[in-house]
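Encoded as structure tokens, the structure appears first; notes follow it.
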Amino acid sequence: MRILEGEGVSKHFGGLAALSNVDFHVDAGEIVGLIGPNGAGKTTLFNLVSAALTTKQGVIKFKGRKITGLKPHQICRMGLARTFQSVKIFGNMPALTNVYIGSLFGIPAGTPSAYAAKGAEELLEFVGLSASKVTPAKDLTLVNQKRVEVARALATKPELLLLDELMAGLNPTEVAQAMELVTKIRDRGITVFVIEHVMKAIMGVCDRIIVLHHGEKIAEGTPQEIANNRAVVEVYLGE
Amino acid sequence: MLEVNNINTFYGKAQALFDLSLRVEESEIFALIGSNGAGKTTLLNTISGLVTPASGNIEFLGKRINGLAPHIIVEMGISHVPEGGRIFNEMTVRENLEMGAYSSHAWKIRWGTLQQVYEIFPVLKEREKQLARTLSGGEHQMLAMGRGLMSRPKLCILDEPSYGLAPKYVEEVFRIINSLREQGITILLIEQNVRHTLETADRACVLENGHIVLDDICDNLLQSDHVRKAYLGL
Amino acid sequence: MRRKLLILMVSCTMVLALAAPLFAAGCDEAEPEKEVIVFGAARPLTGPFAVYEEMAFGPIYKMWVDEVNARGGLYIEEYGKRLPIELKIYDDGSDMGTMTSMLERLILEDEVDFILPPASTAFLFAAAPIANKHGYILMGAEGGGTTLTPLLPSLPYYFGVLNYSDHYQMPVLADILSDAGIETAAIMYLEDLHGVEYSGVAGIELTNAGIDIVMTKSVPLGVMDVSSIINQAKTLGAEAFLSFCYPDENFLAIGTAIALDYNPDVFLTGPGANFAFFAGVFGPAAEGIMGYGAWNTKSSAASEDFYEKFIALYDPGLLDWWGHNLYYAGLQFFEQAIEEAGTLDQAVIREVMATSTFDTILGPTWFDMTADGEGGGLLAEECYTGQVGQWQNGVFEVVDPGANRTAPPVIPKPAWPAEE
Amino acid sequence: MNSVASIVLNRSFQLGLLAVILIALATLPLHYQGYNIVRLLNIFMFVVLTVSWVIFSGSTGYMSLASAAFFGVGIYTSALLGDKLPIAVVVGIGALVSSCVAFLVGALTLRLRGIYFAIFTFGLVELIKHLTLWWEINMEDRRGRLVVYVENDIIFWVMLSILVATLLTAYFIRRSKWGLALQSIGENEEAAAHMGINVTLVKVITFAVSALFVGASGAIIATRWTYIDPGIAFNPLYSFMPVLMAIFGGMGRLLGPVIGAIAFTYLKEELGTEFPELYMLIFGIILIVAILYMPNGLVGLIQRLWIRGFRRQDADT
Amino acid sequence: MVEFLNIFIGGLILGGIYALIAVGLSLQYGVARVLNISHGEFIMVGAFLTWAMYTFWGLNPLASLAIVGPAIFVVGFVLHRTLFTRLRTSSASPAAYEGGSLIATFGLMFIIQNLAIITWGTDIEAYSFLNTGVSIFGARFAANRLTMLLFAAGICVVFYLFLARTRLGKAIRAAAQDPETAGMMGVNIKRVLALCFGLGALMAGLAGSLLSMCYPIRTTMGLEYTIIAIIVVVLGGMGSIVGSFIGGLILGMVGSIVLYIDPSLSLVAYYFIFILLLLVRPTGILGK
């Protein structure tokens, strides 16, 4: 089943085409990777899907329903959550409150606050941060802030999670932990769509990879296919 | 060349560096390895004067530099290429490079230096008149490094030069780091790409929670069990 | 826990702060012997209206207080002795809310014996009901207006001294203009009570006198360029240009008219032209410019004396040839009424003021009260020294037809001086 | 010490104390007619303005300079309807009209952030002022209006009610889910939107709610002024003051703006009466010294002293 | 044609003075991060110094620019080195610094105004300088206003070249974008920030000097000019010097046109244009 699909999605900034006519889809239960050089339009695509930017050309569907034109909070409540390339946490609030807000507002009918609080604690533990519950989020390290973002996104009870460069700046050991986290998220029945530069990670966890270059989709396939794709090697992977 | 002796640094109330010492010798690539939050960037900021250590001292070419303002430290020959590049987006590529040569001795010879930088990074010459924000990610990092070289540094501090770059550009960055050493510039490097870094650098130290736990030549570190387990994921 | 304690501590402090003055008010000591008469006022020492304090009523009430005290004070029969005057001036910062509060503070908390008026028409309007409620006499100095006239029956304690648009100025202007054979006039007025009233009354009076008003333009407060208006008046060939604005705009209008070489037969401006420093700013260009409200040293011997006293104390440039003698006369009237009443009881003094005529620098002076004698009053027409003035050879001459005139009007006015 | 503290910290004791203060205030005009009524009235007004400002701007970080617009709308409501309807109804209408204006402004300014929002709202005050002026002069040939006169004690009671309503609203918003949403908007609006918060709705409604109290206090205070014109009603002072008072008091908690407004109003009046010639100078110096030495406002200072006091006590025992 | 010239040159005159008032504020906010509410007070002080020197010593107002500018620059520079530097280093965050400096400039406004009132009183002052007509293709303008325009334009151009071409100018622009990184490049940040504040004050002082030739002045007029300056700066885009020029010119032109059609609507038009433009471009004309 296609949980997310886009047809002819384009975006222009001024005269510059950030995305032109991209078709893509994500199937339920998959982990899909989105790679490409900086400025290829990866984050723009995420922004369009999550409605941080408005889609004027092309159609994006989530669970078969057209979501172009909806507001971010509506998309979130439909079950699509995301994290951000540059972290956007609620810095002066404790880590737990960050997650709590996700569970309070992320679900259409809202959650009774007691349940929400309990859920938030569980999720913080899930991402391995139960020790820093009361620390203001801005005092956490970048890695932990990204984890808070993941927990916060999960708190909205999503069916699809967009992860934007979760692993940038991590050392190989930390990358391995992050990969494990992504797999665990999928094991909870959540479809994952990731942007990553760390090839080892992307090759290791993704079922399928989409490659963007200059706003166009240049390749799509299993990690094996991508690694051997001439065009991808040329513009992105290098010899 | 650079000697850090027993420094303690605080961020607000939290101590970030504990009694930390290290030495960087002339014309070597010295790498700092550690997980996020270990204090690597704090250490670099302490060296370049953005953060003042609470105690201890830092000497560069035999002169004490801790407590001096950043602009004086630049003048003495330390150039800091910050994490993420932090180029001036609303200025042209050329103006960014000129800013790199701001310190007075470098300013006088900036046109000569500019030609040298353009030789190392030909793409910057092509983009000379563009606003820096129109550059792609790879070019962005080139500009940051080029700008760092404009001050004719004796010691160049590179804070995660490959952060967020496509694999193809990561190769390019390491190639450039190597070529800098060949020109006689000493380099202090932070990188997450641990294997690549240890293969490129001469010596490295491992920083954990504000303490140095290992300090050795890279070949030894590559063999170390601790490094292999904690940083290479093996 | 600390936070709760903190909340508690602060609330306690609040309660104490509230209770303290109540307590103090509750245990008033026995009334001591009266030693001094206190006059209180909320005046604009700062803010945009501060200019009034410096140039209009301010110098006059200070001068008057000093004079009275030099004589030993006001003789109050009730106490059988002279009591000196003390001033209690608060700064209202040119803010209406602050002014009303300060005025009530003076009356209720400081229990001053008398109050002096705040500055500007709008503030007078707001002060009058407060003064009336507490039974304090309010002499209106800087301000007054047709809007207030219908309210007079409800304001028995209000005594206005300043002349204004239909309080004789515009009718006199209309006479002067029609006598001189002026047929067309252009009006520029400020979007403010003053401008609206004057342009409205001038419209009626001039039209009645057969003068055609060819242009009426309003400008907002803070306007920075009026050349389009001057150009238009020039194009229309208006023989008289009337600027019902404040000094800022009036100065701008004159400067622009000089630069654009628009020299109508009559150039009249509102507040600004009446100040002595005006002639200094414009030099020979001031010649022939008219303004409303007028007196000068030739008006009477008493005026001459007042002028001498004033310049002995202040910079002559501060002199106001419209209101200064009126404010001073108002205070002289007030002073004599208090002594006549022989008490500080304002109701008694009010009756004296409403029914008596006293000698002031204006000559015999009285107020025209509302028909039933129960309301407030305005200075009588006969008391004014002049309604319209004109700069002639450095003197602000009174050019009203009739006995007040000190010089005939020069119409058309002389040309602007040639470039230096 | 301990037993006193436990009594003092007892919740019902605190509530009781609050009730006593409230009753004391409410019955004050019955036995006292002096100037303190007016003084308290002014303080109440500024507390209302400041707390209303904080309800929206304090948590969302959008610095609104529109208070003067809502205040002025309230004032004009009173000027237009004051003599036709009972004063309580007029105040209610003033509140509602202000709130509607705020709703429209909020809906219009959604795209503006930071300083642009602040100056936009300020420009709006000026636009409304000049439009009203232009309308009065060109369409009605008048300038300014007389407002119906109301006794001080009535004004006092109405203002006290508005104050209580404002404080209660601020308190409950702060403690509710809604307050959390506001706070998260202040921390990071984009993230808040992606967490399922309807940021537009939350902002606009809060803005409209905060304007309710500002409009109401404008409507009632106008009756004290008795004569108003656009320049008086839409005085930008009433946009700046709440901001200054809130920062002066410290915005970390609800008490900060309250204390800030009280201290500020009191200080301003006392200086203006005690040192009329030098009060701006002294006031300016106090502001600068305050900002240099009390980075967290008055409340921050009190807290610091308080904690220090505690430490000393601990050290003594 | 004459009418067009009247409107056009009238607009340039207004626009020139608006731009000059705004550039200083833009520099102070854009680089030094101080939204200077006391900006208008510096304008007022400049105007009064010029007036005083003209009235008492007969000094040509244009010559007094050379005295007023440097004097006010020093005041601004010292103020920043003492007050604002201290505030900046003690502030927990950039946002806290912006709030704190806003309060501090409010304080400054009160202090400067009170000192000016003590020195010069509160009455209106004016003097007549070059108040003669000059004819340009049949349209007449006051010579003092044209002089004001020429000087304002000259000052703005020199200032623009300073920022675009010189080493210090580039340092200022770099510091505006990222002060910390500029420091890493060898820029003495404390000095550059103080310099910017001083230069902002200097521009205000010069604007005041020029204004006093054409308009009556009062010690209480500062805030009105501050408001104009803030409006122009926001219209142009915060931190963009060129934006301030354009914003000033747009307001000037709009003002001139509306003054021609219906003077009473001029202020309404200013604010209407301002609000409309912000709604279309939420970060000003040249903002990012």
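How things are named: the first chain in the structure tokens is A, the next is B, and so on; residues count from 1 in each chain; ligands count from 1 in the order shown.
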
Chain E near chain B within 7 Å: what's each residue's closest atom pair and its distance in Å to one decimal, counting only C-alpha atoms, ordered by chain then ascending residue number, as JSON lines?
{"residue": "E:Ala171", "atom": "CA", "partner": "B:Met99", "partner_atom": "CA", "distance": 7.0}
{"residue": "E:Ala174", "atom": "CA", "partner": "B:Phe88", "partner_atom": "CA", "distance": 6.3}
{"residue": "E:Gln177", "atom": "CA", "partner": "B:Phe88", "partner_atom": "CA", "distance": 6.3}
{"residue": "E:Thr181", "atom": "CA", "partner": "B:Arg86", "partner_atom": "CA", "distance": 6.8}
{"residue": "E:Gly183", "atom": "CA", "partner": "B:His71", "partner_atom": "CA", "distance": 5.6}
{"residue": "E:Met184", "atom": "CA", "partner": "B:Pro70", "partner_atom": "CA", "distance": 5.8}
{"residue": "E:Met185", "atom": "CA", "partner": "B:Gly100", "partner_atom": "CA", "distance": 5.3}
{"residue": "E:Gly186", "atom": "CA", "partner": "B:His71", "partner_atom": "CA", "distance": 3.7}
{"residue": "E:Val187", "atom": "CA", "partner": "B:His71", "partner_atom": "CA", "distance": 5.4}
{"residue": "E:Asn188", "atom": "CA", "partner": "B:His71", "partner_atom": "CA", "distance": 5.5}

Please report as JSON lines every residue of chain D lying within 6 Å of chain C, along with the nearest atom pair and their distance in Å (one decimal), using only C-alpha atoms.
{"residue": "D:Gly34", "atom": "CA", "partner": "C:Leu108", "partner_atom": "CA", "distance": 5.5}
{"residue": "D:Tyr35", "atom": "CA", "partner": "C:Leu108", "partner_atom": "CA", "distance": 5.2}
{"residue": "D:Arg143", "atom": "CA", "partner": "C:Leu193", "partner_atom": "CA", "distance": 5.0}
{"residue": "D:Trp225", "atom": "CA", "partner": "C:Ala126", "partner_atom": "CA", "distance": 5.5}
{"residue": "D:Thr226", "atom": "CA", "partner": "C:Ala126", "partner_atom": "CA", "distance": 5.2}
{"residue": "D:Tyr227", "atom": "CA", "partner": "C:Ala126", "partner_atom": "CA", "distance": 5.1}
{"residue": "D:Gly272", "atom": "CA", "partner": "C:Asp91", "partner_atom": "CA", "distance": 5.4}
{"residue": "D:Thr273", "atom": "CA", "partner": "C:Tyr90", "partner_atom": "CA", "distance": 4.8}
{"residue": "D:Pro276", "atom": "CA", "partner": "C:Asp91", "partner_atom": "CA", "distance": 5.2}

Can you check which residues of segment 98-257 of chain D DSSP gives as helix (DSSP H, G or I) on the backbone and send them as a PyMOL selection string?
-> chain D and resi 98-108+114-139+152-175+177-187+189-194+199-225+230-233+237-249+255-257

Quick one: which residues from chain D are at most 6 Å off chain E, using only C-alpha atoms, as number ranges by chain?
-> D: 112, 123, 127, 130, 280-281, 284, 287-288

Store the residues of this selection in a file with all heavy atoms, as an mmCIF file, in the first residue's frame.
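Printed below is out_12.cif as written:
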data_model
loop_
_atom_site.group_PDB
_atom_site.id
_atom_site.type_symbol
_atom_site.label_atom_id
_atom_site.label_comp_id
_atom_site.auth_asym_id
_atom_site.auth_seq_id
_atom_site.Cartn_x
_atom_site.Cartn_y
_atom_site.Cartn_z
ATOM 1 N N LEU D 112 3.992 38.085 9.668
ATOM 2 C CA LEU D 112 5.042 38.957 10.179
ATOM 3 C C LEU D 112 5.677 38.386 11.431
ATOM 4 O O LEU D 112 5.000 37.866 12.302
ATOM 5 C CB LEU D 112 4.465 40.339 10.474
ATOM 6 C CG LEU D 112 3.926 41.058 9.252
ATOM 7 C CD1 LEU D 112 3.082 42.238 9.669
ATOM 8 C CD2 LEU D 112 5.067 41.520 8.384
ATOM 9 N N GLY D 123 2.458 50.782 13.641
ATOM 10 C CA GLY D 123 1.942 51.527 12.494
ATOM 11 C C GLY D 123 0.427 51.479 12.465
ATOM 12 O O GLY D 123 -0.237 52.454 12.099
ATOM 13 N N LEU D 127 -2.166 54.426 12.129
ATOM 14 C CA LEU D 127 -3.118 54.458 11.013
ATOM 15 C C LEU D 127 -4.528 54.686 11.547
ATOM 16 O O LEU D 127 -5.274 55.540 11.038
ATOM 17 C CB LEU D 127 -3.046 53.162 10.202
ATOM 18 C CG LEU D 127 -3.996 53.110 9.013
ATOM 19 C CD1 LEU D 127 -3.624 54.168 7.982
ATOM 20 C CD2 LEU D 127 -3.988 51.745 8.350
ATOM 21 N N HIS D 130 -4.866 58.320 12.755
ATOM 22 C CA HIS D 130 -4.980 59.333 11.715
ATOM 23 C C HIS D 130 -6.251 59.173 10.893
ATOM 24 O O HIS D 130 -6.833 60.155 10.433
ATOM 25 C CB HIS D 130 -3.733 59.320 10.830
ATOM 26 C CG HIS D 130 -2.522 59.829 11.543
ATOM 27 N ND1 HIS D 130 -2.404 61.151 11.927
ATOM 28 C CD2 HIS D 130 -1.415 59.211 11.995
ATOM 29 C CE1 HIS D 130 -1.251 61.311 12.565
ATOM 30 N NE2 HIS D 130 -0.643 60.149 12.621
ATOM 31 N N MET D 280 12.247 62.975 34.597
ATOM 32 C CA MET D 280 12.638 62.151 33.453
ATOM 33 C C MET D 280 14.074 61.691 33.585
ATOM 34 O O MET D 280 14.417 60.566 33.235
ATOM 35 C CB MET D 280 12.469 62.937 32.156
ATOM 36 C CG MET D 280 11.044 63.064 31.723
ATOM 37 S SD MET D 280 10.927 63.174 29.946
ATOM 38 C CE MET D 280 11.849 64.628 29.661
ATOM 39 N N LEU D 281 14.918 62.574 34.077
ATOM 40 C CA LEU D 281 16.329 62.242 34.260
ATOM 41 C C LEU D 281 16.464 61.085 35.254
ATOM 42 O O LEU D 281 17.106 60.069 34.979
ATOM 43 C CB LEU D 281 17.057 63.484 34.778
ATOM 44 C CG LEU D 281 18.566 63.401 34.860
ATOM 45 C CD1 LEU D 281 19.167 63.332 33.480
ATOM 46 C CD2 LEU D 281 19.120 64.610 35.596
ATOM 47 N N GLY D 284 15.010 57.904 33.861
ATOM 48 C CA GLY D 284 15.905 57.321 32.865
ATOM 49 C C GLY D 284 17.052 56.585 33.526
ATOM 50 O O GLY D 284 17.397 55.462 33.144
ATOM 51 N N LEU D 287 15.866 53.360 34.969
ATOM 52 C CA LEU D 287 15.667 52.345 33.924
ATOM 53 C C LEU D 287 16.990 51.689 33.548
ATOM 54 O O LEU D 287 17.094 50.466 33.456
ATOM 55 C CB LEU D 287 15.063 52.987 32.681
ATOM 56 C CG LEU D 287 13.556 53.100 32.609
ATOM 57 C CD1 LEU D 287 13.141 53.643 31.256
ATOM 58 C CD2 LEU D 287 12.927 51.738 32.816
ATOM 59 N N ILE D 288 18.011 52.532 33.343
ATOM 60 C CA ILE D 288 19.289 51.991 32.887
ATOM 61 C C ILE D 288 19.953 51.164 33.977
ATOM 62 O O ILE D 288 20.437 50.054 33.729
ATOM 63 C CB ILE D 288 20.209 53.138 32.413
ATOM 64 C CG1 ILE D 288 19.662 53.685 31.092
ATOM 65 C CG2 ILE D 288 21.640 52.655 32.245
ATOM 66 C CD1 ILE D 288 20.449 54.807 30.504
#

What lies within 9 Å of Leu146 of chain E using only C-alpha atoms, ignoring chain neighbours under 4 positions off, as a list in words?
-> Ile9, Ile13, Val134, Phe141, Ala142, Leu150 and Phe151 of chain E

Might you pull out every residue within 8 Å of Asp229 of chain D, with only C-alpha atoms counted and same-chain residues fewer than 6 positions away left off, and present them as a ChimeraX atom specification?
-> /D:133,143-145

Please save C-alpha atoms of the selected residues as a PDB file, in the first residue's frame.
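Final output, saved to again16.pdb:
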ATOM      1  CA  LEU D 133      -8.854  62.092  12.904  1.00  0.00           C
ATOM      2  CA  ARG D 143     -12.414  67.101  16.570  1.00  0.00           C
ATOM      3  CA  GLY D 144     -12.730  65.132  19.749  1.00  0.00           C
ATOM      4  CA  ARG D 145     -15.705  64.142  21.841  1.00  0.00           C
TER       5      ARG D 145
END

Give me, as JSON lines, the closest atom pair and its distance (Å, one decimal) for every residue of chain C within a cut-off of 9 Å of chain E, counting only C-alpha atoms, rows sorted by chain and rising number.
{"residue": "C:Leu45", "atom": "CA", "partner": "E:Thr122", "partner_atom": "CA", "distance": 8.1}
{"residue": "C:Thr46", "atom": "CA", "partner": "E:Thr220", "partner_atom": "CA", "distance": 7.1}
{"residue": "C:Gly47", "atom": "CA", "partner": "E:Thr220", "partner_atom": "CA", "distance": 5.6}
{"residue": "C:Pro48", "atom": "CA", "partner": "E:Thr220", "partner_atom": "CA", "distance": 5.7}
{"residue": "C:Phe49", "atom": "CA", "partner": "E:Thr220", "partner_atom": "CA", "distance": 8.6}
{"residue": "C:Ala50", "atom": "CA", "partner": "E:Thr122", "partner_atom": "CA", "distance": 5.6}
{"residue": "C:Val51", "atom": "CA", "partner": "E:Asp123", "partner_atom": "CA", "distance": 4.5}
{"residue": "C:Tyr52", "atom": "CA", "partner": "E:Asp123", "partner_atom": "CA", "distance": 7.7}
{"residue": "C:Glu53", "atom": "CA", "partner": "E:Thr122", "partner_atom": "CA", "distance": 8.0}
{"residue": "C:Glu54", "atom": "CA", "partner": "E:Asp123", "partner_atom": "CA", "distance": 6.0}
{"residue": "C:Met55", "atom": "CA", "partner": "E:Asp123", "partner_atom": "CA", "distance": 6.4}
{"residue": "C:Leu190", "atom": "CA", "partner": "E:Ser264", "partner_atom": "CA", "distance": 8.6}
{"residue": "C:Glu191", "atom": "CA", "partner": "E:Ser264", "partner_atom": "CA", "distance": 7.5}
{"residue": "C:Lys217", "atom": "CA", "partner": "E:Pro263", "partner_atom": "CA", "distance": 7.2}
{"residue": "C:Ser218", "atom": "CA", "partner": "E:Ser264", "partner_atom": "CA", "distance": 5.1}
{"residue": "C:Val219", "atom": "CA", "partner": "E:Ser264", "partner_atom": "CA", "distance": 4.5}
{"residue": "C:Pro220", "atom": "CA", "partner": "E:Ser264", "partner_atom": "CA", "distance": 5.4}
{"residue": "C:Leu221", "atom": "CA", "partner": "E:Leu267", "partner_atom": "CA", "distance": 8.7}
{"residue": "C:Gly222", "atom": "CA", "partner": "E:Glu224", "partner_atom": "CA", "distance": 8.3}
{"residue": "C:Val223", "atom": "CA", "partner": "E:Ser266", "partner_atom": "CA", "distance": 7.8}
{"residue": "C:Met224", "atom": "CA", "partner": "E:Leu14", "partner_atom": "CA", "distance": 7.8}
{"residue": "C:Asp225", "atom": "CA", "partner": "E:Leu259", "partner_atom": "CA", "distance": 7.6}
{"residue": "C:Val226", "atom": "CA", "partner": "E:Leu259", "partner_atom": "CA", "distance": 7.4}
{"residue": "C:Ser227", "atom": "CA", "partner": "E:Gly10", "partner_atom": "CA", "distance": 8.3}
{"residue": "C:Ser228", "atom": "CA", "partner": "E:Tyr260", "partner_atom": "CA", "distance": 5.2}
{"residue": "C:Ile229", "atom": "CA", "partner": "E:Tyr260", "partner_atom": "CA", "distance": 7.5}
{"residue": "C:Pro247", "atom": "CA", "partner": "E:Ile124", "partner_atom": "CA", "distance": 7.8}
{"residue": "C:Asp248", "atom": "CA", "partner": "E:Pro216", "partner_atom": "CA", "distance": 5.8}
{"residue": "C:Glu249", "atom": "CA", "partner": "E:Pro216", "partner_atom": "CA", "distance": 8.7}
{"residue": "C:Phe251", "atom": "CA", "partner": "E:Pro216", "partner_atom": "CA", "distance": 7.0}
{"residue": "C:Leu252", "atom": "CA", "partner": "E:Tyr215", "partner_atom": "CA", "distance": 6.6}
{"residue": "C:Gly255", "atom": "CA", "partner": "E:Asn131", "partner_atom": "CA", "distance": 6.6}
{"residue": "C:Thr256", "atom": "CA", "partner": "E:Ala142", "partner_atom": "CA", "distance": 6.8}
{"residue": "C:Ile258", "atom": "CA", "partner": "E:Thr132", "partner_atom": "CA", "distance": 6.6}
{"residue": "C:Ala259", "atom": "CA", "partner": "E:Gly133", "partner_atom": "CA", "distance": 3.9}
{"residue": "C:Leu260", "atom": "CA", "partner": "E:Arg140", "partner_atom": "CA", "distance": 5.6}
{"residue": "C:Asp261", "atom": "CA", "partner": "E:Gly133", "partner_atom": "CA", "distance": 7.0}
{"residue": "C:Phe277", "atom": "CA", "partner": "E:Glu125", "partner_atom": "CA", "distance": 8.6}
{"residue": "C:Phe278", "atom": "CA", "partner": "E:Ala126", "partner_atom": "CA", "distance": 8.8}
{"residue": "C:Gly280", "atom": "CA", "partner": "E:Tyr127", "partner_atom": "CA", "distance": 8.2}
{"residue": "C:Val281", "atom": "CA", "partner": "E:Tyr127", "partner_atom": "CA", "distance": 5.1}
{"residue": "C:Phe282", "atom": "CA", "partner": "E:Ser128", "partner_atom": "CA", "distance": 6.2}
{"residue": "C:Gly283", "atom": "CA", "partner": "E:Ser128", "partner_atom": "CA", "distance": 8.3}
{"residue": "C:Leu318", "atom": "CA", "partner": "E:Asp123", "partner_atom": "CA", "distance": 8.4}
{"residue": "C:Ala418", "atom": "CA", "partner": "E:Thr132", "partner_atom": "CA", "distance": 8.8}
{"residue": "C:Glu419", "atom": "CA", "partner": "E:Thr132", "partner_atom": "CA", "distance": 6.4}
{"residue": "C:Glu420", "atom": "CA", "partner": "E:Thr132", "partner_atom": "CA", "distance": 8.9}

Would you write out, as JSON lines, a table of all residues in chain B that have an atom no more than 9 Å from an atom of chain A, listing for each the closest atom pair and the distance in Å to one decimal, considering only C-alpha atoms and ordering rows by chain and rising residue number?
{"residue": "B:Ile33", "atom": "CA", "partner": "A:Asn171", "partner_atom": "CA", "distance": 8.9}
{"residue": "B:Gly34", "atom": "CA", "partner": "A:Asn171", "partner_atom": "CA", "distance": 7.9}
{"residue": "B:Ser35", "atom": "CA", "partner": "A:Asn171", "partner_atom": "CA", "distance": 6.4}
{"residue": "B:Asn36", "atom": "CA", "partner": "A:Val143", "partner_atom": "CA", "distance": 6.6}
{"residue": "B:Gly37", "atom": "CA", "partner": "A:Thr141", "partner_atom": "CA", "distance": 5.5}
{"residue": "B:Leu135", "atom": "CA", "partner": "A:Gly39", "partner_atom": "CA", "distance": 8.9}
{"residue": "B:Ser136", "atom": "CA", "partner": "A:Gly39", "partner_atom": "CA", "distance": 5.9}
{"residue": "B:Gly137", "atom": "CA", "partner": "A:Asn38", "partner_atom": "CA", "distance": 4.9}
{"residue": "B:Gly138", "atom": "CA", "partner": "A:Asn38", "partner_atom": "CA", "distance": 7.1}
{"residue": "B:Glu160", "atom": "CA", "partner": "A:Gly169", "partner_atom": "CA", "distance": 8.0}
{"residue": "B:Ser162", "atom": "CA", "partner": "A:Gly169", "partner_atom": "CA", "distance": 8.9}
{"residue": "B:Tyr163", "atom": "CA", "partner": "A:Gly169", "partner_atom": "CA", "distance": 6.0}
{"residue": "B:Gly164", "atom": "CA", "partner": "A:Ala168", "partner_atom": "CA", "distance": 5.9}
{"residue": "B:Leu165", "atom": "CA", "partner": "A:Asn38", "partner_atom": "CA", "distance": 6.7}
{"residue": "B:Ala166", "atom": "CA", "partner": "A:Pro37", "partner_atom": "CA", "distance": 5.2}
{"residue": "B:Pro167", "atom": "CA", "partner": "A:Leu237", "partner_atom": "CA", "distance": 5.2}
{"residue": "B:Lys168", "atom": "CA", "partner": "A:Gly238", "partner_atom": "CA", "distance": 4.3}
{"residue": "B:Tyr169", "atom": "CA", "partner": "A:Gly238", "partner_atom": "CA", "distance": 7.9}
{"residue": "B:Glu171", "atom": "CA", "partner": "A:Gly238", "partner_atom": "CA", "distance": 7.9}
{"residue": "B:Glu191", "atom": "CA", "partner": "A:Gly169", "partner_atom": "CA", "distance": 8.2}
{"residue": "B:Gln192", "atom": "CA", "partner": "A:Asn171", "partner_atom": "CA", "distance": 4.8}
{"residue": "B:Asn193", "atom": "CA", "partner": "A:Asn171", "partner_atom": "CA", "distance": 6.5}
{"residue": "B:Val194", "atom": "CA", "partner": "A:Asn171", "partner_atom": "CA", "distance": 6.8}
{"residue": "B:Arg195", "atom": "CA", "partner": "A:Pro172", "partner_atom": "CA", "distance": 8.8}
{"residue": "B:Lys229", "atom": "CA", "partner": "A:Thr173", "partner_atom": "CA", "distance": 7.5}
{"residue": "B:Ala230", "atom": "CA", "partner": "A:Thr173", "partner_atom": "CA", "distance": 5.7}
{"residue": "B:Tyr231", "atom": "CA", "partner": "A:Thr173", "partner_atom": "CA", "distance": 5.2}
{"residue": "B:Leu232", "atom": "CA", "partner": "A:Pro172", "partner_atom": "CA", "distance": 5.2}
{"residue": "B:Gly233", "atom": "CA", "partner": "A:Thr173", "partner_atom": "CA", "distance": 4.4}
{"residue": "B:Leu234", "atom": "CA", "partner": "A:Thr173", "partner_atom": "CA", "distance": 8.1}

Among segment 122-270 of chain E, which ones does DSSP place in strand (DSSP E or B), written as a PyMOL selection string?
-> chain E and resi 125+133-136+139-142+217
